[in-house]
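Take a look at the structure set out below.
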Amino acid sequence: MPVTAGKIKKIPLDTGEQAFAYAKACGIIGKSFVGKRIPVLVKINSLNELDRLVFPETRHELPGRELLIDLEKRIINRTVSHIYKVLDSYSRPSQLLIRQFRSYEYVDLKTCLHNICAGRTVPPLNNIGRFGTVHFERYPVLETMLAGTEYEFILKHDIGTMHRETYDLAPLETELDLHYYSMLLHSLNSLSASNRMFAERILADEISLRNCVWALRLRTYFDKKPEETAKFLMDLRIPKNRKSLAADAVKSLDFSLDSRTDWKRWRWENFLNPETDNWIADPRYFQNAASRYLYGMAFRFFRRMPFSVSSIFCYIKLKQFEEDLLTSIAEGLGLGMGSTDVFDLLEVTA
């Protein structure tokens with residue numbers, strides 16, 4: 001563990017703030033491209049049409065490639081803004097929601113590390129306002145960027161050699177992933193059983209599936225041996241639960257990548273691509289199926305317990321799913337595909 005997490009004090013939640021945050025979340029979800037509003041995206045055939053649909057009052061008139069880059073950034077900014085509006089309803093949001101929102105900071109930090117290695121200028125970053133901790137304005141000096149943050153453990157690495165394109169960031173990225181999800185799980189400790197119930201279920205499955213995706217990708221795309229792959233998995237556990245969330249991925253390492261029969265009765269078998277004569281496990285298909293499953297859980301649970309932290313956790317998940325869907329459609333349209341083709345590629349049912 002990069003950081004030893006201390007005991008979290010249970011802070012009572014203001015029910016008025018909870019109700020206000022949930023009402024605001026419902027209003028935003030009602031206008032978002034999730035649930036019954038997903039089918040309208042199938043009719044889109046150009047970037048300009050997508051721009052007009054998502055940003056009817058602020059659409060930009062730009063040539064193709066420029067519009068794609070601009071549109072993707074505005075889609076992400078829109079998600080960040082929508083999440084911030086709900087979290088700002090609280091005087092003191094729960095640590096679970098803050099850490100979930102900081103996924104944007106975590107992604108930005110990883111992007112900055114890649115840019116530092118390549119000697120590039122500071123990349124476009126997400127503004128998460130008062131919830132941010134990393135001093136991105138001090139890029140590219142990591143010592144000052146990370147000063148006083150929980151990411152100072154990065155400085156223990158040989159950062160002096162990081163300004164080289166040959167620097168292997170994989171071990172550090174694995175450590176960052178482990179740190180992020182460890183702290184996210186730890187933040188569940190501050191919540192009552194009813195407040196964390198659905199968030200805990202989603203988070204446990206998300207980490208298990210993320211490990212499985214990594215295992216498939218490393219074995220398929222990088223020809224990693226099972227013992228090598230195991231080093232990149234996050235061996236984490238839900239509080240008060242002994243089962244490792246890497247167990248399903250570890251079990252999959254014994255299965256042949258070209259034998260569908262080996263995977264019978266595996267926990268996530270239904271997420272694998274359908275069996276064919278020359279079947280080979282497809283990580284992309286599995287990842288898309290996992291994404292749909294997690295989206296479905298968040299969609300069902302969002303209204304199950306309205307005034308709980310879990311409902312806002314689900315809200316953030318739904319907004320991030322929408323962001324992924326919109327950016328995927330934008331990228332597909334930018335490549336000359338129709339939105340229907342993009343939906344087929346993602347195996348998303350409109």
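Chain identifiers are assigned as A, B, and so on, following the order in which chains appear in the structure tokens; residues are numbered from 1 within each chain, and ligands are numbered from 1 in order of appearance.
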Residues of segment 102-125 of chain A that have any atom at most 12 Å from an atom of segment 312-322 of chain A: could you tabulate them with the shortest-distance atom pair and the distance in Å to one decimal, using only C-alpha atoms, ordered by chain and increasing number, as CSV?
```
residue,atom,partner,partner_atom,distance
A:Arg102,CA,A:Ile316,CA,11.3
A:Ser103,CA,A:Gln320,CA,10.4
A:Tyr104,CA,A:Gln320,CA,10.4
```
Preceding selection exported with N, CA and C atoms as a PDB file, in the first residue's frame:
```pdb
ATOM      1  N   ARG A 102     -12.636  12.512  -7.441  1.00  0.00           N
ATOM      2  CA  ARG A 102     -11.210  12.715  -7.692  1.00  0.00           C
ATOM      3  C   ARG A 102     -10.643  11.719  -8.693  1.00  0.00           C
ATOM      4  N   SER A 103     -11.481  10.858  -9.242  1.00  0.00           N
ATOM      5  CA  SER A 103     -11.002   9.976 -10.308  1.00  0.00           C
ATOM      6  C   SER A 103     -10.478  10.822 -11.463  1.00  0.00           C
ATOM      7  N   TYR A 104     -11.038  12.031 -11.636  1.00  0.00           N
ATOM      8  CA  TYR A 104     -10.566  12.926 -12.701  1.00  0.00           C
ATOM      9  C   TYR A 104      -9.162  13.438 -12.394  1.00  0.00           C
TER      10      TYR A 104
END
```
Query - Residue contacts of segment 145-151 of chain A (12 Å, only C-alpha atoms) excluding same-chain residues fewer than 6 positions away, as number ranges by chain - result: A: 1-5, 99, 105-106, 109-110, 112-113, 132-139, 157, 172-173, 175-180, 183
Query raised in the report: Which residues, written as a count of residues only, have at least one atom at most 8 Å from Ser339 of chain A, with only C-alpha atoms counted and residues fewer than 3 positions away on the same chain left out?
Result: 10
Requested in this report: Quick one: pull the distance between atom CA of Ile76 of chain A and atom CA of Arg37 of chain A, Å, one decimal.
Outcome: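 Taking atom CA of Ile76 of chain A as the start and atom CA of Arg37 of chain A as the end point, the length is 18.5 Å.
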Query - Selection: 12 Å around Thr276 of chain A, only C-alpha atoms, excl. self and same-chain fewer than 2 positions, as a VMD selection string - result: chain A and resid 258 to 261 272 to 274 278 to 282
Report task. Counting only C-alpha atoms, figure out which residue out of A:Leu87, A:Cys212, A:Leu345, A:Ala193 gets nearest to Gln18 of chain A. Result -> A:Leu87
